Every structure is written in C-alpha cells, then in structure tokens.
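What follows is one structure encoded as structure tokens, with my remarks underneath.
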Amino acid sequence: MRSAAIDLGELLLDLDVRGYGLIRAEPDQEAMTMAAARFGAYVGAGWIGVRLLESPGSAAWLPRHTEQLDDPEPLHYFALGCLETASDGGATCLYDGRIAAHALLKLRPELAQVRITYRTEWRPSTATHPLVVHDPQHGAVLRFRSVLETNAVQGPLPLSISEEGLYAAVEAALSEAIAVVHRWRPGDLLIVDNRAMIHSREPFTGTRRMIRFRYDDPNFKTVIIAQ
C-alpha cells in the first residue's frame with residue numbers, strides 16, 4: 001500500500017482561499033484514514049469520526065447544508081473519500097458560503113438577524129444558528145440547511161418576506177456561489193472547510209461507496225490522532 005504524498009502547507013492554503021482541497025490516496029479505508037489523519041494532525045485536530053457511506057442509488061439531491069448544524073458549533077473541517085464511484089451521477093457540489101452571504105445581504109439586508117433551529121432526529125439533538133454568522137477567519141458567511149421539516153425559522157423574519165421567500169432567496173444566492181462540482185474518482189479525498197462552504201450531492205445510479213471523516217466531532221470519536 002502506498003502512502004498519499006501530501007503537501008500539507010499547500011493544502012491548507014487551498015482551504016484558506018478556496019474552502020476545499022484534494023488529496024489522492026489508494027482507494028481503501030486504511031489508506032484514506034491515514035491521509036485524513038495526517039491532515040488532522042497538521043491542523044491540530046484531536047480525533048476523527050469515521051463512517052462508511054454506501055448506497056445503491058438516490059433519485060434525490062442531498063439538501064444543501066453546513067455539516068453538523070444540530071450542534072452549537074459546526075465542525076471546522078470534514079472530508080469525503082471515494083472508494084467506489086456511482087455508475088452515473090453522484091458529484092459533490094460545493095458552494096462558497098462567504099460569497100453567498102454577501103450576495104444575500106446585498107439583496108436582502110433585512111435577513112441579517114434571522115436565526116434557524118436545526119434538529120436531527122436520529123441522535124436526537126437541536127441547535128439554533130444565525131443564517132449569516134461573522135466568522136473571525138472568513139467574515140460574513142452563510143450557515144444553512146435547505147428546507148426540511150426538522151428546520152424551524154426563529155426570526156426575526158421581516159414582514160416583507162415569507163419563510164418560503166426566505167428559503168428561495170438563500171437558495172438563489174447559493175446557486176450564484178457554486179465553487180466546484182467534484183466528479184469522483186476512486187482514491188479522491190476531498191477536504192472541506194465547513195465554516196466557509198456549504199455542500200450537496202447530485203442524484204446517482206449504481207452503488208456509490210464513500211468514507212466520511214469528521215474532525216473533532218464531539219459525538220463521534222473513531223480514530224485518535226497522535227500529535
């Protein structure tokens with residue numbers, strides 16, 4: 001098994017500027033976990049939560065979302081690795097939450113104070129977040145999940161816009177802020193700055209096998225990273 005050759009300094013620069021970076025590794029769980037752990041050690045993460053994701057296909061888009069919105073503070077980084085590609089489709093789409101936030105507030109500045117509560121039923125857990133946060137690293141950035149029954153807009157929602165209008169305005173801003181459509185190859189490991197980017201996944205057919213890494217997820221510790 002070959003170890004992935006990673007320029008970690010260049011990768012971190014990509015994350016700071018683009019919001020994402022790519023590592024090439026052998027398409028197996030051990031190699032990808034090693035590569036993910038090397039990056040985690042470089043940025044000072046204490047552990048990784050690792051989960052295999054396998055599906056025979058999906059006719060629906062994965063809703064656009066910031067990862068882990070049911071926690072008070074979303075993860076800083078997460079990664080997706082590809083073990084086996086779908087027969088067709090399945091690309092991961094990344095949207096720049098910084099660009100989207102500026103576009104949204106320029107068009108609808110009255111949405112700056114809106115807060116949304118996000119619930120996850122399988123854990124279960126709930127947290128409330130501003131629609132637009134002011135991140136010390138990124139400035140104004142969108143924190144969002146597309147409309148679901150487990151979302152609850154808390155307001156203050158201006159009289160000039162409905163909940164439906166709110167979601168439509170945010171989705172339009174995200175559509176204008178797409179950064180990359182990543183079409184997978186086995187061995188791809190996509191590192192994402194979750195505080196800058198929002199992501200989704202297009203429909204696909206055929207078995208798609210992925211591996212997800214969450215850095216410093218307080219609820220999920222699979223691999224402890226040696227510092």
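Residue numbering restarts at 1 in every chain; chains get A, B, ... in the order shown in the structure tokens, and ligands count up from 1 in that same order.
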
What are the closest atom pairs, with distances in Å to one decimal, for each residue of region 113-195 of chain A lying within 12 Å of region 54-73 of chain A, using only C-alpha atoms, rows by chain and rising residue number, as JSON lines?
```
{"residue": "A:Ile116", "atom": "CA", "partner": "A:Leu69", "partner_atom": "CA", "distance": 9.9}
{"residue": "A:Thr117", "atom": "CA", "partner": "A:Asp70", "partner_atom": "CA", "distance": 8.1}
{"residue": "A:Tyr118", "atom": "CA", "partner": "A:Asp70", "partner_atom": "CA", "distance": 5.4}
{"residue": "A:Arg119", "atom": "CA", "partner": "A:Asp70", "partner_atom": "CA", "distance": 5.5}
{"residue": "A:Thr120", "atom": "CA", "partner": "A:Asp70", "partner_atom": "CA", "distance": 6.1}
{"residue": "A:Glu121", "atom": "CA", "partner": "A:Asp70", "partner_atom": "CA", "distance": 9.6}
{"residue": "A:Trp122", "atom": "CA", "partner": "A:Asp70", "partner_atom": "CA", "distance": 11.0}
{"residue": "A:Arg123", "atom": "CA", "partner": "A:Asp70", "partner_atom": "CA", "distance": 9.4}
{"residue": "A:Pro124", "atom": "CA", "partner": "A:Asp70", "partner_atom": "CA", "distance": 8.6}
{"residue": "A:Ser125", "atom": "CA", "partner": "A:Asp70", "partner_atom": "CA", "distance": 5.7}
{"residue": "A:Thr126", "atom": "CA", "partner": "A:Asp70", "partner_atom": "CA", "distance": 4.8}
{"residue": "A:Ala127", "atom": "CA", "partner": "A:Asp70", "partner_atom": "CA", "distance": 4.8}
{"residue": "A:Thr128", "atom": "CA", "partner": "A:Pro72", "partner_atom": "CA", "distance": 7.0}
{"residue": "A:His129", "atom": "CA", "partner": "A:Pro72", "partner_atom": "CA", "distance": 7.6}
{"residue": "A:Pro130", "atom": "CA", "partner": "A:Leu69", "partner_atom": "CA", "distance": 10.8}
{"residue": "A:Leu131", "atom": "CA", "partner": "A:Thr66", "partner_atom": "CA", "distance": 10.9}
{"residue": "A:Val132", "atom": "CA", "partner": "A:Thr66", "partner_atom": "CA", "distance": 11.9}
{"residue": "A:Val133", "atom": "CA", "partner": "A:Glu73", "partner_atom": "CA", "distance": 11.3}
{"residue": "A:Asp135", "atom": "CA", "partner": "A:Glu73", "partner_atom": "CA", "distance": 11.5}
{"residue": "A:Val141", "atom": "CA", "partner": "A:Thr66", "partner_atom": "CA", "distance": 10.8}
{"residue": "A:Leu142", "atom": "CA", "partner": "A:Thr66", "partner_atom": "CA", "distance": 8.5}
{"residue": "A:Arg143", "atom": "CA", "partner": "A:Thr66", "partner_atom": "CA", "distance": 6.0}
{"residue": "A:Phe144", "atom": "CA", "partner": "A:His65", "partner_atom": "CA", "distance": 5.5}
{"residue": "A:Arg145", "atom": "CA", "partner": "A:His65", "partner_atom": "CA", "distance": 4.0}
{"residue": "A:Ser146", "atom": "CA", "partner": "A:Arg64", "partner_atom": "CA", "distance": 5.4}
{"residue": "A:Val147", "atom": "CA", "partner": "A:Pro63", "partner_atom": "CA", "distance": 7.9}
{"residue": "A:Leu148", "atom": "CA", "partner": "A:Pro63", "partner_atom": "CA", "distance": 8.5}
{"residue": "A:Thr150", "atom": "CA", "partner": "A:Asp70", "partner_atom": "CA", "distance": 10.0}
{"residue": "A:Asn151", "atom": "CA", "partner": "A:Asp70", "partner_atom": "CA", "distance": 10.0}
{"residue": "A:Ala152", "atom": "CA", "partner": "A:Asp70", "partner_atom": "CA", "distance": 12.0}
{"residue": "A:Tyr167", "atom": "CA", "partner": "A:Arg64", "partner_atom": "CA", "distance": 11.3}
{"residue": "A:Val170", "atom": "CA", "partner": "A:Arg64", "partner_atom": "CA", "distance": 10.4}
{"residue": "A:Glu171", "atom": "CA", "partner": "A:Arg64", "partner_atom": "CA", "distance": 8.5}
{"residue": "A:Ala172", "atom": "CA", "partner": "A:Arg64", "partner_atom": "CA", "distance": 11.8}
{"residue": "A:Ala173", "atom": "CA", "partner": "A:Arg64", "partner_atom": "CA", "distance": 12.0}
{"residue": "A:Leu174", "atom": "CA", "partner": "A:Arg64", "partner_atom": "CA", "distance": 8.8}
{"residue": "A:Ser175", "atom": "CA", "partner": "A:Arg64", "partner_atom": "CA", "distance": 10.2}
{"residue": "A:Ile178", "atom": "CA", "partner": "A:Arg64", "partner_atom": "CA", "distance": 11.1}
{"residue": "A:Val192", "atom": "CA", "partner": "A:Glu67", "partner_atom": "CA", "distance": 10.0}
{"residue": "A:Asp193", "atom": "CA", "partner": "A:Thr66", "partner_atom": "CA", "distance": 9.9}
{"residue": "A:Asn194", "atom": "CA", "partner": "A:Thr66", "partner_atom": "CA", "distance": 6.3}
{"residue": "A:Arg195", "atom": "CA", "partner": "A:Thr66", "partner_atom": "CA", "distance": 7.6}
```

Task: Per-residue DSSP, region 18-222 of chain A, filtered to alpha helix (DSSP H), as an MDAnalysis selection string - done: chainID A and resid 29:42 97:107 163:175

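The interatomic distance for the pair CA of Glu176 (chain A) and CA of Leu104 (chain A) works out to 10.1 Å.
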
Leaving out region 83-85 of chain A and any residue of its chain fewer than 2 positions from it, which residues lie within 12 Å of it when counting only C-alpha atoms, given as a PDB file with N, CA and C atoms, in the first residue's frame?
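Okay, this is what ended up in part_37.pdb:
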```pdb
ATOM      1  N   ARG A  24      -4.960  12.769  -3.138  1.00  0.00           N
ATOM      2  CA  ARG A  24      -5.088  11.491  -3.837  1.00  0.00           C
ATOM      3  C   ARG A  24      -4.461  10.409  -2.977  1.00  0.00           C
ATOM      4  N   ALA A  25      -5.208   9.328  -2.755  1.00  0.00           N
ATOM      5  CA  ALA A  25      -4.744   8.210  -1.943  1.00  0.00           C
ATOM      6  C   ALA A  25      -5.171   6.906  -2.598  1.00  0.00           C
ATOM      7  N   GLU A  26      -4.702   5.794  -2.051  1.00  0.00           N
ATOM      8  CA  GLU A  26      -5.194   4.499  -2.501  1.00  0.00           C
ATOM      9  C   GLU A  26      -6.679   4.390  -2.110  1.00  0.00           C
ATOM     10  N   PRO A  27      -7.516   3.806  -2.979  1.00  0.00           N
ATOM     11  CA  PRO A  27      -8.950   3.751  -2.693  1.00  0.00           C
ATOM     12  C   PRO A  27      -9.329   2.627  -1.732  1.00  0.00           C
ATOM     13  N   ASP A  28      -8.776   2.683  -0.516  1.00  0.00           N
ATOM     14  CA  ASP A  28      -9.190   1.747   0.518  1.00  0.00           C
ATOM     15  C   ASP A  28      -9.247   2.499   1.842  1.00  0.00           C
ATOM     16  N   GLN A  29      -9.977   1.934   2.783  1.00  0.00           N
ATOM     17  CA  GLN A  29     -10.260   2.655   4.021  1.00  0.00           C
ATOM     18  C   GLN A  29      -8.997   2.968   4.811  1.00  0.00           C
ATOM     19  N   GLU A  30      -8.077   2.055   4.879  1.00  0.00           N
ATOM     20  CA  GLU A  30      -6.874   2.270   5.677  1.00  0.00           C
ATOM     21  C   GLU A  30      -6.047   3.425   5.116  1.00  0.00           C
ATOM     22  N   ALA A  31      -5.822   3.426   3.798  1.00  0.00           N
ATOM     23  CA  ALA A  31      -5.003   4.467   3.186  1.00  0.00           C
ATOM     24  C   ALA A  31      -5.669   5.836   3.330  1.00  0.00           C
ATOM     25  N   MET A  32      -6.970   5.881   3.120  1.00  0.00           N
ATOM     26  CA  MET A  32      -7.659   7.161   3.228  1.00  0.00           C
ATOM     27  C   MET A  32      -7.681   7.665   4.667  1.00  0.00           C
ATOM     28  N   THR A  33      -7.835   6.754   5.612  1.00  0.00           N
ATOM     29  CA  THR A  33      -7.818   7.161   7.012  1.00  0.00           C
ATOM     30  C   THR A  33      -6.443   7.689   7.399  1.00  0.00           C
ATOM     31  N   LEU A  52     -18.441   4.793   7.024  1.00  0.00           N
ATOM     32  CA  LEU A  52     -18.603   4.318   5.655  1.00  0.00           C
ATOM     33  C   LEU A  52     -20.015   4.647   5.180  1.00  0.00           C
ATOM     34  N   LEU A  53     -20.118   5.164   3.959  1.00  0.00           N
ATOM     35  CA  LEU A  53     -21.403   5.533   3.365  1.00  0.00           C
ATOM     36  C   LEU A  53     -21.568   4.745   2.081  1.00  0.00           C
ATOM     37  N   GLU A  54     -22.538   3.852   2.059  1.00  0.00           N
ATOM     38  CA  GLU A  54     -22.771   3.023   0.879  1.00  0.00           C
ATOM     39  C   GLU A  54     -24.242   3.066   0.518  1.00  0.00           C
ATOM     40  N   SER A  55     -24.523   3.320  -0.755  1.00  0.00           N
ATOM     41  CA  SER A  55     -25.913   3.406  -1.201  1.00  0.00           C
ATOM     42  C   SER A  55     -26.031   2.840  -2.606  1.00  0.00           C
ATOM     43  N   PRO A  56     -27.142   2.146  -2.913  1.00  0.00           N
ATOM     44  CA  PRO A  56     -27.357   1.623  -4.264  1.00  0.00           C
ATOM     45  C   PRO A  56     -27.869   2.675  -5.235  1.00  0.00           C
ATOM     46  N   GLY A  57     -28.071   3.899  -4.760  1.00  0.00           N
ATOM     47  CA  GLY A  57     -28.518   4.969  -5.641  1.00  0.00           C
ATOM     48  C   GLY A  57     -29.527   5.864  -4.951  1.00  0.00           C
ATOM     49  N   LEU A  80     -14.468  13.876   2.597  1.00  0.00           N
ATOM     50  CA  LEU A  80     -15.150  12.775   1.926  1.00  0.00           C
ATOM     51  C   LEU A  80     -14.145  12.061   1.045  1.00  0.00           C
ATOM     52  N   GLY A  81     -14.127  10.740   1.157  1.00  0.00           N
ATOM     53  CA  GLY A  81     -13.257   9.947   0.310  1.00  0.00           C
ATOM     54  C   GLY A  81     -14.077   8.988  -0.533  1.00  0.00           C
ATOM     55  N   SER A  87     -22.430   4.495 -10.929  1.00  0.00           N
ATOM     56  CA  SER A  87     -22.471   4.270 -12.377  1.00  0.00           C
ATOM     57  C   SER A  87     -22.681   5.571 -13.130  1.00  0.00           C
ATOM     58  N   ASP A  88     -23.508   6.441 -12.540  1.00  0.00           N
ATOM     59  CA  ASP A  88     -23.791   7.731 -13.174  1.00  0.00           C
ATOM     60  C   ASP A  88     -24.184   8.725 -12.086  1.00  0.00           C
ATOM     61  N   GLY A  89     -23.682   9.949 -12.193  1.00  0.00           N
ATOM     62  CA  GLY A  89     -24.026  10.993 -11.239  1.00  0.00           C
ATOM     63  C   GLY A  89     -23.259  10.861  -9.935  1.00  0.00           C
ATOM     64  N   GLY A  90     -23.795  11.515  -8.881  1.00  0.00           N
ATOM     65  CA  GLY A  90     -23.189  11.424  -7.563  1.00  0.00           C
ATOM     66  C   GLY A  90     -22.116  12.457  -7.271  1.00  0.00           C
ATOM     67  N   ALA A  91     -21.975  13.473  -8.128  1.00  0.00           N
ATOM     68  CA  ALA A  91     -20.974  14.506  -7.873  1.00  0.00           C
ATOM     69  C   ALA A  91     -21.312  15.267  -6.590  1.00  0.00           C
ATOM     70  N   THR A  92     -20.282  15.723  -5.900  1.00  0.00           N
ATOM     71  CA  THR A  92     -20.448  16.586  -4.735  1.00  0.00           C
ATOM     72  C   THR A  92     -20.284  18.036  -5.180  1.00  0.00           C
ATOM     73  N   HIS A 182     -17.543  18.432  -7.969  1.00  0.00           N
ATOM     74  CA  HIS A 182     -16.476  17.430  -7.929  1.00  0.00           C
ATOM     75  C   HIS A 182     -17.007  16.072  -8.367  1.00  0.00           C
ATOM     76  N   ARG A 183     -16.524  15.614  -9.509  1.00  0.00           N
ATOM     77  CA  ARG A 183     -16.882  14.296 -10.033  1.00  0.00           C
ATOM     78  C   ARG A 183     -15.806  13.311  -9.580  1.00  0.00           C
ATOM     79  N   TRP A 184     -16.252  12.293  -8.874  1.00  0.00           N
ATOM     80  CA  TRP A 184     -15.354  11.458  -8.096  1.00  0.00           C
ATOM     81  C   TRP A 184     -14.567  10.449  -8.925  1.00  0.00           C
ATOM     82  N   ARG A 185     -13.356  10.190  -8.456  1.00  0.00           N
ATOM     83  CA  ARG A 185     -12.533   9.058  -8.865  1.00  0.00           C
ATOM     84  C   ARG A 185     -12.204   8.263  -7.616  1.00  0.00           C
ATOM     85  N   PRO A 186     -12.116   6.931  -7.711  1.00  0.00           N
ATOM     86  CA  PRO A 186     -11.675   6.172  -6.543  1.00  0.00           C
ATOM     87  C   PRO A 186     -10.309   6.686  -6.068  1.00  0.00           C
ATOM     88  N   GLY A 187     -10.201   6.923  -4.778  1.00  0.00           N
ATOM     89  CA  GLY A 187      -8.960   7.448  -4.210  1.00  0.00           C
ATOM     90  C   GLY A 187      -8.979   8.940  -3.964  1.00  0.00           C
ATOM     91  N   ASP A 188     -10.002   9.650  -4.440  1.00  0.00           N
ATOM     92  CA  ASP A 188     -10.127  11.077  -4.136  1.00  0.00           C
ATOM     93  C   ASP A 188     -10.497  11.262  -2.672  1.00  0.00           C
ATOM     94  N   LEU A 189      -9.841  12.207  -2.015  1.00  0.00           N
ATOM     95  CA  LEU A 189     -10.181  12.597  -0.649  1.00  0.00           C
ATOM     96  C   LEU A 189     -10.331  14.119  -0.645  1.00  0.00           C
ATOM     97  N   PHE A 204     -27.817   9.932  -8.172  1.00  0.00           N
ATOM     98  CA  PHE A 204     -26.909   8.979  -8.822  1.00  0.00           C
ATOM     99  C   PHE A 204     -27.578   7.621  -8.943  1.00  0.00           C
ATOM    100  N   THR A 205     -27.015   6.824  -9.836  1.00  0.00           N
ATOM    101  CA  THR A 205     -27.442   5.437 -10.008  1.00  0.00           C
ATOM    102  C   THR A 205     -26.240   4.522  -9.821  1.00  0.00           C
ATOM    103  N   GLY A 206     -26.510   3.297  -9.382  1.00  0.00           N
ATOM    104  CA  GLY A 206     -25.423   2.354  -9.144  1.00  0.00           C
ATOM    105  C   GLY A 206     -24.814   2.558  -7.769  1.00  0.00           C
ATOM    106  N   THR A 207     -24.154   1.547  -7.255  1.00  0.00           N
ATOM    107  CA  THR A 207     -23.581   1.597  -5.917  1.00  0.00           C
ATOM    108  C   THR A 207     -22.479   2.649  -5.828  1.00  0.00           C
ATOM    109  N   ARG A 208     -22.567   3.458  -4.818  1.00  0.00           N
ATOM    110  CA  ARG A 208     -21.565   4.502  -4.527  1.00  0.00           C
ATOM    111  C   ARG A 208     -21.068   4.263  -3.116  1.00  0.00           C
ATOM    112  N   ARG A 209     -19.761   4.032  -2.983  1.00  0.00           N
ATOM    113  CA  ARG A 209     -19.171   3.759  -1.677  1.00  0.00           C
ATOM    114  C   ARG A 209     -18.210   4.878  -1.318  1.00  0.00           C
ATOM    115  N   MET A 210     -18.530   5.555  -0.221  1.00  0.00           N
ATOM    116  CA  MET A 210     -17.746   6.698   0.234  1.00  0.00           C
ATOM    117  C   MET A 210     -17.325   6.463   1.674  1.00  0.00           C
ATOM    118  N   ILE A 211     -16.385   7.276   2.126  1.00  0.00           N
ATOM    119  CA  ILE A 211     -15.983   7.272   3.520  1.00  0.00           C
ATOM    120  C   ILE A 211     -15.929   8.726   3.977  1.00  0.00           C
ATOM    121  N   ARG A 212     -16.576   9.002   5.110  1.00  0.00           N
ATOM    122  CA  ARG A 212     -16.637  10.377   5.619  1.00  0.00           C
ATOM    123  C   ARG A 212     -15.818  10.499   6.899  1.00  0.00           C
TER     124      ARG A 212
END
```

Open item on the list: Show me, as a PyMOL selection string, the residues that have an atom within 10 Å of region 105-110 of chain A when counting only C-alpha atoms, minus same-chain residues fewer than 4 positions from it.
Closed with: chain A and resi 100-101+114+132+140+156-161+166+169-170+173

List the spatial neighbours of Ala177 (chain A) as a short mmCIF file (atom, residue, chain, number, x, y, z; two decimals) with C-alpha atoms, in the first residue's frame - criterion: any atom at most 9 Å away, only C-alpha atoms, same-chain residues fewer than 5 positions off excluded.
```cif
data_model
loop_
_atom_site.label_atom_id
_atom_site.label_comp_id
_atom_site.auth_asym_id
_atom_site.auth_seq_id
_atom_site.Cartn_x
_atom_site.Cartn_y
_atom_site.Cartn_z
CA LEU A 94 -19.53 22.90 -3.01
CA TYR A 95 -20.92 26.42 -2.61
CA ASP A 96 -18.90 29.31 -1.18
CA GLY A 97 -20.81 30.46 1.90
CA ARG A 98 -18.82 33.71 2.00
CA ILE A 99 -19.88 34.74 -1.49
CA ALA A 100 -23.45 33.61 -0.83
CA ALA A 103 -24.86 38.34 -2.20
CA ALA A 172 -30.71 31.68 -5.23
#
```

Go through region 54-135 of chain A and collect every residue that DSSP, computed from the backbone, puts in strand (DSSP E); the answer should be as a PDB file with N, CA and C atoms, in the first residue's frame.
```
ATOM      1  N   GLU A  54     -22.538   3.852   2.059  1.00  0.00           N
ATOM      2  CA  GLU A  54     -22.771   3.023   0.879  1.00  0.00           C
ATOM      3  C   GLU A  54     -24.242   3.066   0.518  1.00  0.00           C
ATOM      4  N   SER A  55     -24.523   3.320  -0.755  1.00  0.00           N
ATOM      5  CA  SER A  55     -25.913   3.406  -1.201  1.00  0.00           C
ATOM      6  C   SER A  55     -26.031   2.840  -2.606  1.00  0.00           C
ATOM      7  N   PRO A  56     -27.142   2.146  -2.913  1.00  0.00           N
ATOM      8  CA  PRO A  56     -27.357   1.623  -4.264  1.00  0.00           C
ATOM      9  C   PRO A  56     -27.869   2.675  -5.235  1.00  0.00           C
ATOM     10  N   GLY A  57     -28.071   3.899  -4.760  1.00  0.00           N
ATOM     11  CA  GLY A  57     -28.518   4.969  -5.641  1.00  0.00           C
ATOM     12  C   GLY A  57     -29.527   5.864  -4.951  1.00  0.00           C
ATOM     13  N   SER A  58     -29.709   7.067  -5.505  1.00  0.00           N
ATOM     14  CA  SER A  58     -30.680   8.015  -4.976  1.00  0.00           C
ATOM     15  C   SER A  58     -31.166   8.898  -6.113  1.00  0.00           C
ATOM     16  N   LEU A  62     -29.128  15.613  -2.372  1.00  0.00           N
ATOM     17  CA  LEU A  62     -28.915  15.841  -0.948  1.00  0.00           C
ATOM     18  C   LEU A  62     -29.105  17.331  -0.685  1.00  0.00           C
ATOM     19  N   PRO A  63     -29.922  17.714   0.291  1.00  0.00           N
ATOM     20  CA  PRO A  63     -30.130  19.147   0.537  1.00  0.00           C
ATOM     21  C   PRO A  63     -28.812  19.883   0.787  1.00  0.00           C
ATOM     22  N   ARG A  64     -28.725  21.098   0.306  1.00  0.00           N
ATOM     23  CA  ARG A  64     -27.550  21.922   0.571  1.00  0.00           C
ATOM     24  C   ARG A  64     -27.470  22.181   2.079  1.00  0.00           C
ATOM     25  N   HIS A  65     -26.276  22.032   2.632  1.00  0.00           N
ATOM     26  CA  HIS A  65     -26.184  22.208   4.076  1.00  0.00           C
ATOM     27  C   HIS A  65     -24.759  22.422   4.557  1.00  0.00           C
ATOM     28  N   TYR A  77     -13.623  21.259   9.974  1.00  0.00           N
ATOM     29  CA  TYR A  77     -13.286  20.516   8.760  1.00  0.00           C
ATOM     30  C   TYR A  77     -14.008  19.170   8.732  1.00  0.00           C
ATOM     31  N   PHE A  78     -14.334  18.734   7.523  1.00  0.00           N
ATOM     32  CA  PHE A  78     -14.716  17.347   7.302  1.00  0.00           C
ATOM     33  C   PHE A  78     -14.115  16.929   5.964  1.00  0.00           C
ATOM     34  N   ALA A  79     -14.104  15.628   5.691  1.00  0.00           N
ATOM     35  CA  ALA A  79     -13.548  15.119   4.442  1.00  0.00           C
ATOM     36  C   ALA A  79     -14.429  13.998   3.919  1.00  0.00           C
ATOM     37  N   LEU A  80     -14.468  13.876   2.597  1.00  0.00           N
ATOM     38  CA  LEU A  80     -15.150  12.775   1.926  1.00  0.00           C
ATOM     39  C   LEU A  80     -14.145  12.061   1.045  1.00  0.00           C
ATOM     40  N   GLY A  81     -14.127  10.740   1.157  1.00  0.00           N
ATOM     41  CA  GLY A  81     -13.257   9.947   0.310  1.00  0.00           C
ATOM     42  C   GLY A  81     -14.077   8.988  -0.533  1.00  0.00           C
ATOM     43  N   CYS A  82     -13.595   8.693  -1.715  1.00  0.00           N
ATOM     44  CA  CYS A  82     -14.317   7.823  -2.641  1.00  0.00           C
ATOM     45  C   CYS A  82     -13.634   6.458  -2.720  1.00  0.00           C
ATOM     46  N   LEU A  83     -14.392   5.419  -2.380  1.00  0.00           N
ATOM     47  CA  LEU A  83     -13.930   4.043  -2.523  1.00  0.00           C
ATOM     48  C   LEU A  83     -14.412   3.435  -3.830  1.00  0.00           C
ATOM     49  N   GLU A  84     -15.637   3.759  -4.232  1.00  0.00           N
ATOM     50  CA  GLU A  84     -16.220   3.239  -5.473  1.00  0.00           C
ATOM     51  C   GLU A  84     -17.191   4.283  -6.013  1.00  0.00           C
ATOM     52  N   ASP A  88     -23.508   6.441 -12.540  1.00  0.00           N
ATOM     53  CA  ASP A  88     -23.791   7.731 -13.174  1.00  0.00           C
ATOM     54  C   ASP A  88     -24.184   8.725 -12.086  1.00  0.00           C
ATOM     55  N   GLY A  89     -23.682   9.949 -12.193  1.00  0.00           N
ATOM     56  CA  GLY A  89     -24.026  10.993 -11.239  1.00  0.00           C
ATOM     57  C   GLY A  89     -23.259  10.861  -9.935  1.00  0.00           C
ATOM     58  N   THR A  92     -20.282  15.723  -5.900  1.00  0.00           N
ATOM     59  CA  THR A  92     -20.448  16.586  -4.735  1.00  0.00           C
ATOM     60  C   THR A  92     -20.284  18.036  -5.180  1.00  0.00           C
ATOM     61  N   CYS A  93     -21.241  18.868  -4.805  1.00  0.00           N
ATOM     62  CA  CYS A  93     -21.230  20.280  -5.182  1.00  0.00           C
ATOM     63  C   CYS A  93     -20.892  21.113  -3.950  1.00  0.00           C
ATOM     64  N   LEU A  94     -19.926  22.005  -4.095  1.00  0.00           N
ATOM     65  CA  LEU A  94     -19.534  22.903  -3.015  1.00  0.00           C
ATOM     66  C   LEU A  94     -19.903  24.329  -3.391  1.00  0.00           C
ATOM     67  N   TYR A  95     -20.486  25.038  -2.427  1.00  0.00           N
ATOM     68  CA  TYR A  95     -20.918  26.423  -2.610  1.00  0.00           C
ATOM     69  C   TYR A  95     -20.171  27.290  -1.598  1.00  0.00           C
ATOM     70  N   ASP A  96     -19.675  28.425  -2.048  1.00  0.00           N
ATOM     71  CA  ASP A  96     -18.901  29.307  -1.176  1.00  0.00           C
ATOM     72  C   ASP A  96     -19.855  30.117  -0.306  1.00  0.00           C
ATOM     73  N   ARG A 115     -32.559  33.737  12.453  1.00  0.00           N
ATOM     74  CA  ARG A 115     -31.980  32.553  13.078  1.00  0.00           C
ATOM     75  C   ARG A 115     -32.858  31.344  12.750  1.00  0.00           C
ATOM     76  N   ILE A 116     -32.218  30.198  12.584  1.00  0.00           N
ATOM     77  CA  ILE A 116     -32.947  28.966  12.258  1.00  0.00           C
ATOM     78  C   ILE A 116     -32.506  27.868  13.220  1.00  0.00           C
ATOM     79  N   THR A 117     -33.476  27.118  13.719  1.00  0.00           N
ATOM     80  CA  THR A 117     -33.191  25.955  14.560  1.00  0.00           C
ATOM     81  C   THR A 117     -33.173  24.706  13.683  1.00  0.00           C
ATOM     82  N   TYR A 118     -32.158  23.885  13.877  1.00  0.00           N
ATOM     83  CA  TYR A 118     -31.981  22.651  13.109  1.00  0.00           C
ATOM     84  C   TYR A 118     -32.025  21.460  14.071  1.00  0.00           C
ATOM     85  N   ARG A 119     -32.799  20.469  13.714  1.00  0.00           N
ATOM     86  CA  ARG A 119     -32.949  19.287  14.547  1.00  0.00           C
ATOM     87  C   ARG A 119     -32.535  18.041  13.770  1.00  0.00           C
ATOM     88  N   THR A 120     -31.877  17.142  14.457  1.00  0.00           N
ATOM     89  CA  THR A 120     -31.570  15.817  13.908  1.00  0.00           C
ATOM     90  C   THR A 120     -32.296  14.788  14.755  1.00  0.00           C
ATOM     91  N   SER A 125     -30.759  15.721  18.503  1.00  0.00           N
ATOM     92  CA  SER A 125     -30.146  16.932  19.026  1.00  0.00           C
ATOM     93  C   SER A 125     -30.676  18.129  18.251  1.00  0.00           C
ATOM     94  N   THR A 126     -30.548  19.314  18.855  1.00  0.00           N
ATOM     95  CA  THR A 126     -31.097  20.537  18.285  1.00  0.00           C
ATOM     96  C   THR A 126     -30.166  21.702  18.588  1.00  0.00           C
ATOM     97  N   ALA A 127     -30.000  22.599  17.625  1.00  0.00           N
ATOM     98  CA  ALA A 127     -29.226  23.822  17.850  1.00  0.00           C
ATOM     99  C   ALA A 127     -29.783  24.922  16.961  1.00  0.00           C
ATOM    100  N   THR A 128     -29.620  26.160  17.408  1.00  0.00           N
ATOM    101  CA  THR A 128     -30.080  27.325  16.663  1.00  0.00           C
ATOM    102  C   THR A 128     -28.881  28.139  16.204  1.00  0.00           C
ATOM    103  N   HIS A 129     -28.898  28.560  14.930  1.00  0.00           N
ATOM    104  CA  HIS A 129     -27.786  29.311  14.352  1.00  0.00           C
ATOM    105  C   HIS A 129     -28.295  30.533  13.600  1.00  0.00           C
ATOM    106  N   PRO A 130     -27.511  31.619  13.618  1.00  0.00           N
ATOM    107  CA  PRO A 130     -27.818  32.725  12.713  1.00  0.00           C
ATOM    108  C   PRO A 130     -27.699  32.260  11.265  1.00  0.00           C
ATOM    109  N   VAL A 132     -26.668  34.138   8.864  1.00  0.00           N
ATOM    110  CA  VAL A 132     -25.361  34.675   8.497  1.00  0.00           C
ATOM    111  C   VAL A 132     -24.559  34.879   9.777  1.00  0.00           C
ATOM    112  N   VAL A 133     -23.417  34.224   9.866  1.00  0.00           N
ATOM    113  CA  VAL A 133     -22.532  34.390  11.019  1.00  0.00           C
ATOM    114  C   VAL A 133     -21.350  35.258  10.610  1.00  0.00           C
ATOM    115  N   HIS A 134     -20.698  35.841  11.600  1.00  0.00           N
ATOM    116  CA  HIS A 134     -19.493  36.647  11.341  1.00  0.00           C
ATOM    117  C   HIS A 134     -18.309  35.881  11.925  1.00  0.00           C
ATOM    118  N   ASP A 135     -17.716  35.079  11.065  1.00  0.00           N
ATOM    119  CA  ASP A 135     -16.627  34.187  11.446  1.00  0.00           C
ATOM    120  C   ASP A 135     -15.325  34.979  11.558  1.00  0.00           C
TER     121      ASP A 135
END
```

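Restricting the calculation to only C-alpha atoms, the smallest distance between Glu202 (chain A) and any of A:Val17, A:Val181, A:Gln113, A:Arg214 is found for A:Val181.
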